[in-house]
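The block underneath contains the structure these notes are about, expressed in structure tokens.
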Amino acid sequence: VNYNETKYNIGVWIEADEDFSVEYVRKRLSCYVDFTCRLNNAPVFKDGINTFYVKNNIAYVATSVKDLNFYSGNLSFDETAREYVRTTLKENMTEDTASIGIALLLGDKSNMSAELKNGYRQMGISHIFAVSGLHMGFIYSILGFVVFKTRIKKWKAVPIVFFPMLFYAWICGFSPSVVRALVMTTCALVFNALGEKNDSLTFLAVAAIIILIWRPVYLFDAGFLLSFSAVIGIICVSRILNRSIRTNNKLLKSLYSIVFISLGATLGSLGLIVEFYGEIAFLSIFFNLLITPFISIIFVLLLVGLLPFLKFVLILPQWFFTMTNFVAYKFSESGFGVVSAKSFGVALLFFYAAMFVFGGFINLKKKEKKITIVSLLTVFAITAV
């Protein structure tokens, strides 16, 4: 929009009468658009707070749209990178499996069918499509391995690891979950370079402060709250349970760790999932245990497959997604896997308090700790009912 010869980027959500498919619009990315319409302010504060408009920088909603025309333009660099990912996967994988690969790499689920989305939700593993610590952790691990093997000094390693992660966060649109993961991994990098002990809870708090200063309205966003609550569960529950592992068997230890991380993330986010979606995926831990261990391998294969001379490796993610999609479709058809539940309301405060006590963040003796946890969970149960 040009005001007094000064250009401003203002997002507009277009509600068009024409039956445009996703592919129709996708092929016209970078195009200029003109149309006549009735322009309304985006209803950010209608029926509570709708953070969708804020996250996508949408200031207006265009209705009664007529004479919609597209004119050629140029893609920005980040749009070009995203389109390269989409095109490469679609050309080398089937439509359904490519849609999962795109969602896993970019967090973009627009190519997934409604049945697939519903199936993965009922399986309790749709969180793998929200670019967050899981994805940043993969990139951090890959780059960290390279740094370790080349024996680069700690301070020199910081920009080598940070800027690729920053680029990835940019490509994924700086969603709350990816910004949280970026801040936490950056803090870990800096503390490691200083030779200081990592403090995950402090890093999490720093990430929350930065995001809320940038976008205060995210305090009411489901993605923001679920991302942070899952990490709180991992910090408070998984960390303590991992310490209890008493085995030297590396495979068994890794298996226990995966179970405990899944359990912690599930407990941390369970109350808010019920709050926002009114349901519980009771097979979540089972499918997280079964599928999540392979996601790191698949993620790396997808990244490798983006290289022009290594596209053939995409056949492996395709096989994997063919199997998971089959299960997802079956769940979507049967409606099995989720149970309806009502909001816990204010009772959640007691549940999170119990988690912090369990995590050792409140200085209590062993006996006092047990009594406090039981008391808080009892109050939670009574209040929830």
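Order determines the names: the first chain of the structure tokens is A, the second B, and so forth; residues in each chain are numbered 1 upward, and ligands are numbered 1 upward as they are shown.
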
**Q.** Test item, helix (DSSP H, G or I) assignment across stretch 239-313 of chain A, answer as a PyMOL selection string
**A.** chain A and resi 239-243+250-277+284-305+308-313

Q: Would you list the contacts of A:Leu75 as a list of chain:residue names, taking every protein, DNA or RNA residue within 9 Å and counting only C-alpha atoms, but skipping same-chain residues closer than 5 positions in sequence?
A: A:Leu29, A:Ser30, A:Cys31, A:Thr80

Export of prior selection with N, CA and C atoms as a compact mmCIF listing (two decimals), in the first residue's frame:
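Output below, filename again.txt:
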# COMPACT_ATOMS: atom_id res chain seq x y z
N LEU A 29 2.05 -17.44 -6.18
CA LEU A 29 2.84 -16.78 -5.14
C LEU A 29 3.74 -15.74 -5.79
N SER A 30 3.92 -14.64 -5.14
CA SER A 30 4.73 -13.50 -5.59
C SER A 30 3.96 -12.58 -6.52
N CYS A 31 2.75 -13.00 -6.94
CA CYS A 31 1.97 -12.16 -7.84
C CYS A 31 1.42 -10.93 -7.11
N THR A 80 11.25 -17.97 -1.81
CA THR A 80 11.93 -18.81 -2.79
C THR A 80 12.44 -20.09 -2.15

(Q) Applying 12 Å and only C-alpha atoms, which residues near stretch 315-324 of chain A remain after dropping the ones on its own chain fewer than 5 positions away? List them as a VMD selection string. (A) chain A and resid 89 to 104 116 to 117 119 to 120 123 125 to 126 287 to 288 290 to 292 294 to 305 310 329 to 331

(Q) Rounded to one decimal, what separation in Å do you get between atom CA of A:Ala341 and atom CA of A:Leu272? (A)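 A separation of 11.3 Å between them.
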
(Q) Using only C-alpha atoms, which protein or nucleic acid residues come within 12 Å of stretch 150-162 of chain A? Drop anything in the same chain fewer than 4 positions from it, and give the result as a ChimeraX atom specification. (A) /A:136-146,166-169,181-195

May I have the residues from that selection written out with N, CA, C and O atoms, as a compact mmCIF listing (two decimals), in the first residue's frame?
# COMPACT_ATOMS: atom_id res chain seq x y z
N MET A 136 14.81 -27.82 15.97
CA MET A 136 16.03 -27.07 16.28
C MET A 136 17.08 -27.99 16.90
O MET A 136 18.28 -27.83 16.68
N GLY A 137 16.61 -28.94 17.70
CA GLY A 137 17.53 -29.88 18.34
C GLY A 137 18.27 -30.72 17.31
O GLY A 137 19.47 -31.00 17.47
N PHE A 138 17.56 -31.11 16.23
CA PHE A 138 18.21 -31.89 15.16
C PHE A 138 19.32 -31.07 14.50
O PHE A 138 20.44 -31.55 14.31
N ILE A 139 18.99 -29.81 14.14
CA ILE A 139 19.96 -28.95 13.47
C ILE A 139 21.13 -28.65 14.41
O ILE A 139 22.30 -28.68 14.01
N TYR A 140 20.81 -28.37 15.68
CA TYR A 140 21.83 -28.10 16.69
C TYR A 140 22.77 -29.31 16.82
O TYR A 140 24.00 -29.15 16.91
N SER A 141 22.21 -30.51 16.83
CA SER A 141 23.01 -31.73 16.97
C SER A 141 23.92 -31.96 15.77
O SER A 141 25.09 -32.32 15.91
N ILE A 142 23.36 -31.75 14.56
CA ILE A 142 24.15 -31.94 13.34
C ILE A 142 25.33 -30.97 13.30
O ILE A 142 26.48 -31.35 13.07
N LEU A 143 25.04 -29.68 13.54
CA LEU A 143 26.09 -28.67 13.51
C LEU A 143 27.08 -28.87 14.66
O LEU A 143 28.29 -28.68 14.49
N GLY A 144 26.55 -29.26 15.83
CA GLY A 144 27.40 -29.53 16.99
C GLY A 144 28.37 -30.67 16.72
O GLY A 144 29.53 -30.64 17.13
N PHE A 145 27.89 -31.69 16.00
CA PHE A 145 28.74 -32.84 15.65
C PHE A 145 29.88 -32.40 14.73
O PHE A 145 31.03 -32.81 14.91
N VAL A 146 29.55 -31.53 13.75
CA VAL A 146 30.57 -31.02 12.82
C VAL A 146 31.61 -30.21 13.58
O VAL A 146 32.82 -30.34 13.36
N LEU A 166 19.23 -19.59 12.86
CA LEU A 166 18.49 -18.35 12.63
C LEU A 166 17.86 -18.36 11.24
O LEU A 166 16.69 -17.97 11.07
N PHE A 167 18.62 -18.83 10.26
CA PHE A 167 18.11 -18.92 8.88
C PHE A 167 16.91 -19.86 8.82
O PHE A 167 15.89 -19.55 8.19
N TYR A 168 17.02 -21.00 9.48
CA TYR A 168 15.92 -21.98 9.50
C TYR A 168 14.68 -21.39 10.17
O TYR A 168 13.55 -21.57 9.69
N ALA A 169 14.88 -20.66 11.28
CA ALA A 169 13.76 -20.02 11.98
C ALA A 169 13.09 -18.99 11.08
O ALA A 169 11.85 -18.86 11.08
N ALA A 181 12.55 -22.10 20.77
CA ALA A 181 13.63 -23.07 20.59
C ALA A 181 14.94 -22.39 20.21
O ALA A 181 16.01 -22.77 20.69
N LEU A 182 14.86 -21.35 19.35
CA LEU A 182 16.05 -20.62 18.92
C LEU A 182 16.72 -19.92 20.10
O LEU A 182 17.94 -19.98 20.27
N VAL A 183 15.91 -19.25 20.93
CA VAL A 183 16.46 -18.54 22.09
C VAL A 183 17.10 -19.51 23.08
O VAL A 183 18.21 -19.28 23.58
N MET A 184 16.43 -20.63 23.33
CA MET A 184 16.95 -21.60 24.30
C MET A 184 18.26 -22.24 23.82
O MET A 184 19.21 -22.39 24.59
N THR A 185 18.32 -22.60 22.54
CA THR A 185 19.55 -23.21 22.02
C THR A 185 20.69 -22.17 21.96
O THR A 185 21.85 -22.52 22.19
N THR A 186 20.34 -20.92 21.66
CA THR A 186 21.36 -19.86 21.64
C THR A 186 21.92 -19.63 23.05
O THR A 186 23.14 -19.48 23.22
N CYS A 187 21.03 -19.61 24.04
CA CYS A 187 21.49 -19.48 25.44
C CYS A 187 22.42 -20.63 25.82
O CYS A 187 23.45 -20.43 26.46
N ALA A 188 22.05 -21.84 25.40
CA ALA A 188 22.87 -23.02 25.69
C ALA A 188 24.24 -22.89 25.03
O ALA A 188 25.27 -23.23 25.63
N LEU A 189 24.26 -22.37 23.79
CA LEU A 189 25.52 -22.17 23.08
C LEU A 189 26.44 -21.20 23.82
O LEU A 189 27.62 -21.46 24.02
N VAL A 190 25.86 -20.05 24.21
CA VAL A 190 26.64 -19.02 24.88
C VAL A 190 27.14 -19.50 26.24
O VAL A 190 28.32 -19.30 26.58
N PHE A 191 26.28 -20.15 27.01
CA PHE A 191 26.68 -20.66 28.32
C PHE A 191 27.76 -21.72 28.19
O PHE A 191 28.69 -21.78 29.01
N ASN A 192 27.64 -22.53 27.16
CA ASN A 192 28.66 -23.57 26.92
C ASN A 192 30.00 -22.94 26.58
O ASN A 192 31.06 -23.39 27.03
N ALA A 193 29.96 -21.86 25.77
CA ALA A 193 31.19 -21.16 25.40
C ALA A 193 31.84 -20.49 26.61
O ALA A 193 33.06 -20.38 26.71
N LEU A 194 30.99 -20.06 27.57
CA LEU A 194 31.50 -19.43 28.80
C LEU A 194 31.94 -20.47 29.83
O LEU A 194 32.53 -20.11 30.85
N GLY A 195 31.62 -21.73 29.57
CA GLY A 195 31.96 -22.78 30.52
C GLY A 195 31.03 -22.83 31.71
O GLY A 195 31.36 -23.39 32.76

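If you measure from each of A:Leu219, A:Val374, A:Ala230, A:Val33 to A:Val54 using only C-alpha atoms, the closest one turns out to be A:Leu219.
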